[in-house]
Structures are given as structure tokens and as C-alpha cells.
$ cat work_12.cif   # mmCIF, C-alpha atoms
data_input
loop_
_atom_site.group_PDB
_atom_site.id
_atom_site.type_symbol
_atom_site.label_atom_id
_atom_site.label_comp_id
_atom_site.auth_asym_id
_atom_site.auth_seq_id
_atom_site.Cartn_x
_atom_site.Cartn_y
_atom_site.Cartn_z
ATOM 1 C CA MET A 1 -20.235 -31.438 2.123
ATOM 2 C CA SER A 2 -18.223 -28.318 1.633
ATOM 3 C CA ASP A 3 -16.331 -26.499 4.347
ATOM 4 C CA ALA A 4 -19.035 -23.821 4.382
ATOM 5 C CA THR A 5 -21.634 -26.191 5.797
ATOM 6 C CA SER A 6 -19.555 -28.786 7.629
ATOM 7 C CA ASP A 7 -17.483 -26.382 9.741
ATOM 8 C CA ALA A 8 -18.975 -23.759 12.013
ATOM 9 C CA MET A 9 -18.062 -20.152 11.292
ATOM 10 C CA THR A 10 -18.167 -17.355 13.830
ATOM 11 C CA VAL A 11 -19.671 -14.021 12.816
ATOM 12 C CA LYS A 12 -20.764 -10.979 14.817
ATOM 13 C CA MET A 13 -24.085 -9.212 14.913
ATOM 14 C CA ASP A 14 -23.965 -5.412 14.738
ATOM 15 C CA ARG A 15 -25.983 -3.048 16.950
ATOM 16 C CA ALA A 16 -28.830 -3.002 14.432
ATOM 17 C CA GLY A 17 -29.093 -6.807 14.590
ATOM 18 C CA ARG A 18 -27.511 -7.415 11.178
ATOM 19 C CA VAL A 19 -25.359 -10.443 10.479
ATOM 20 C CA VAL A 20 -23.210 -10.754 7.361
ATOM 21 C CA LEU A 21 -23.190 -14.270 5.929
ATOM 22 C CA PRO A 22 -19.716 -15.196 4.673
ATOM 23 C CA LYS A 23 -19.431 -15.536 0.893
ATOM 24 C CA ALA A 24 -18.753 -19.286 1.104
ATOM 25 C CA VAL A 25 -21.982 -19.779 3.079
ATOM 26 C CA ARG A 26 -24.026 -17.630 0.663
ATOM 27 C CA GLU A 27 -22.666 -19.533 -2.322
ATOM 28 C CA GLU A 28 -23.219 -22.962 -0.748
ATOM 29 C CA ALA A 29 -26.797 -22.010 0.175
ATOM 30 C CA GLY A 30 -27.457 -20.444 -3.236
ATOM 31 C CA PHE A 31 -28.391 -17.073 -1.716
ATOM 32 C CA VAL A 32 -28.218 -14.132 -4.117
ATOM 33 C CA PRO A 33 -28.575 -10.404 -3.345
ATOM 34 C CA GLY A 34 -32.204 -9.349 -3.096
ATOM 35 C CA ALA A 35 -33.564 -12.890 -2.784
ATOM 36 C CA PRO A 36 -36.215 -13.294 -0.077
ATOM 37 C CA LEU A 37 -35.114 -15.404 2.879
ATOM 38 C CA ARG A 38 -37.181 -17.160 5.541
ATOM 39 C CA ILE A 39 -35.845 -16.907 9.095
ATOM 40 C CA ARG A 40 -37.156 -18.840 12.096
ATOM 41 C CA VAL A 41 -36.041 -19.976 15.534
ATOM 42 C CA ARG A 42 -36.261 -23.723 16.115
ATOM 43 C CA ASP A 43 -34.995 -25.521 19.225
ATOM 44 C CA GLY A 44 -32.950 -22.479 20.226
ATOM 45 C CA ARG A 45 -31.247 -22.179 16.818
ATOM 46 C CA VAL A 46 -31.745 -19.569 14.132
ATOM 47 C CA GLU A 47 -32.454 -21.127 10.729
ATOM 48 C CA ILE A 48 -32.205 -19.181 7.472
ATOM 49 C CA GLU A 49 -33.398 -20.631 4.175
ATOM 50 C CA ALA A 50 -34.501 -19.384 0.791
ATOM 51 C CA ALA A 51 -38.166 -18.400 0.866
ATOM 52 C CA PRO A 52 -40.332 -20.651 -1.296
ATOM 53 C CA LEU A 53 -40.873 -19.298 -4.786
ATOM 54 C CA ARG A 54 -44.506 -18.630 -5.654
ATOM 55 C CA TYR A 55 -45.341 -19.991 -9.106
ATOM 56 C CA ARG A 56 -48.086 -21.242 -11.387
ATOM 57 C CA ILE A 57 -48.036 -23.916 -14.064
ATOM 58 C CA VAL A 58 -48.697 -22.688 -17.617
ATOM 59 C CA MET A 59 -48.483 -24.211 -21.081
ATOM 60 C CA HIS A 60 -45.568 -22.980 -23.191
ATOM 61 C CA ARG A 61 -45.067 -24.415 -26.692
ATOM 62 C CA GLY A 62 -46.960 -27.546 -25.742
ATOM 63 C CA PHE A 63 -45.115 -28.123 -22.453
ATOM 64 C CA LYS A 64 -46.143 -27.431 -18.880
ATOM 65 C CA VAL A 65 -43.686 -25.008 -17.283
ATOM 66 C CA ALA A 66 -43.488 -23.204 -13.952
ATOM 67 C CA GLU A 67 -43.874 -19.433 -14.192
ATOM 68 C CA ALA A 68 -42.762 -17.299 -11.234
ATOM 69 C CA LEU A 69 -45.410 -14.998 -9.779
ATOM 70 C CA ASP A 70 -42.794 -12.632 -8.325
ATOM 71 C CA PRO A 71 -39.687 -11.143 -9.966
ATOM 72 C CA VAL A 72 -36.797 -13.610 -10.003
ATOM 73 C CA PRO A 73 -33.192 -12.677 -10.772
ATOM 74 C CA PRO A 74 -31.810 -14.508 -13.823
ATOM 75 C CA LEU A 75 -29.609 -17.525 -13.177
ATOM 76 C CA THR A 76 -25.894 -17.170 -13.752
ATOM 77 C CA ALA A 77 -24.072 -19.621 -16.022
ATOM 78 C CA GLU A 78 -22.564 -21.261 -12.913
ATOM 79 C CA GLU A 79 -26.004 -21.668 -11.325
ATOM 80 C CA VAL A 80 -27.307 -23.312 -14.508
ATOM 81 C CA ARG A 81 -24.328 -25.705 -14.543
ATOM 82 C CA ARG A 82 -24.809 -26.573 -10.858
ATOM 83 C CA LEU A 83 -28.559 -27.114 -11.300
ATOM 84 C CA THR A 84 -28.067 -29.235 -14.422
ATOM 85 C CA ARG A 85 -25.462 -31.375 -12.650
ATOM 86 C CA SER A 86 -27.758 -31.817 -9.638
ATOM 87 C CA LEU A 87 -30.735 -32.844 -11.786
ATOM 88 C CA ARG A 88 -28.632 -35.334 -13.746
ATOM 89 C CA GLU A 89 -27.323 -36.866 -10.519
ATOM 90 C CA ARG A 90 -30.880 -37.275 -9.207
ATOM 91 C CA ARG A 91 -31.948 -39.109 -12.375
ATOM 92 C CA THR A 92 -29.165 -41.669 -11.957
ATOM 93 C CA GLU A 93 -29.975 -42.435 -8.299
#
$ encode --input "work_12.cif" --output "C-alpha cells"
Amino acid sequence: MSDATSDAMTVKMDRAGRVVLPKAVREEAGFVPGAPLRIRVRDGRVEIEAAPLRYRIVMHRGFKVAEALDPVPPLTAEEVRRLTRSLRERRTE
């Protein structure tokens, strides 16, 4: 686990109720500007996670692929590398 998730960080909420997530936390969580987030309170803690992506399965060149129903920002090269590495690691488990 990275420092962003294993060590607690202290942030402040402003008068409007806004909290800025530190860059290390945003990167570790994969949050990008404009992405919808789901927030809930569970057992006295505030949990923030990426909102589930709505999609449908369509055929594309003979393959089934997921097609987003809402606009999705394009992946960066680093996000593609991280996702590829993660998928390869899962296949070897």
C-alpha cells in the first residue's frame, strides 16, 4: 500500500463544507477532475469512492465491448499502463 492510503492525512473543511483531497490521495484512488464520486456515511466515517460507470455491452468488430452511457474522460498513458499492469497481475494469480 502506498503512503496515501496507509497513513492518515489531516485536511480541513472550509465554511462551505468543501474538502480538498491531497494529490497523492486522488492519484491513489484514481480520481480525475469532473469524475462523479459517491459519498456516504458508514459507521460514523465518511467514505468517498468513484461512482459506478453506467455502460452497455455492444458488438464491435466481432467482439463484445463495454460502451459508456455517460461521457467519460479519456485515459492518460499512465492510467493505461497502471490498468494493464493490474490486469496482467490478476491473470497470474
$ resolve_selection --input "work_12.cif" --expression "the PyMOL selection byres ((chain A and resi 70) around 9)" --output "list in words"
Leu53, Arg54, Tyr55, Ala68, Leu69, Pro71 and Val72 of chain A
$ atom_distance --input "work_12.cif" --atom1 "atom CA of A:Arg38" --atom2 "atom CA of A:Ala51"
4.9 Å
$ atom_distance --input "work_12.cif" --atom1 "atom CA of A:Pro22" --atom2 "atom CA of A:Thr10"
9.5 Å
$ atom_distance --input "work_12.cif" --atom1 "atom CA of A:Leu83" --atom2 "atom CA of A:Gly30"
10.5 Å
$ residues_around --input "work_12.cif" --residues "A:Glu49" --least-positions-apart "4" --cutoff "12 Å" --atoms "all atoms listed in the file" --output "list in words"
Val25, Arg26, Glu28, Ala29, Gly30, Phe31, Val32, Ala35, Pro36, Leu37, Arg38, Ile39, Arg40, Val41 and Leu53 of chain A
$ write_last_selection --input "work_12.cif" --atoms "C-alpha atoms" --output "JSON list (two decimals), in the coordinates of the input"
[["chain", "number", "residue", "atom", "x", "y", "z"],
["A", 25, "VAL", "CA", -21.98, -19.78, 3.08],
["A", 26, "ARG", "CA", -24.03, -17.63, 0.66],
["A", 28, "GLU", "CA", -23.22, -22.96, -0.75],
["A", 29, "ALA", "CA", -26.80, -22.01, 0.18],
["A", 30, "GLY", "CA", -27.46, -20.44, -3.24],
["A", 31, "PHE", "CA", -28.39, -17.07, -1.72],
["A", 32, "VAL", "CA", -28.22, -14.13, -4.12],
["A", 35, "ALA", "CA", -33.56, -12.89, -2.78],
["A", 36, "PRO", "CA", -36.22, -13.29, -0.08],
["A", 37, "LEU", "CA", -35.11, -15.40, 2.88],
["A", 38, "ARG", "CA", -37.18, -17.16, 5.54],
["A", 39, "ILE", "CA", -35.84, -16.91, 9.10],
["A", 40, "ARG", "CA", -37.16, -18.84, 12.10],
["A", 41, "VAL", "CA", -36.04, -19.98, 15.53],
["A", 53, "LEU", "CA", -40.87, -19.30, -4.79]]
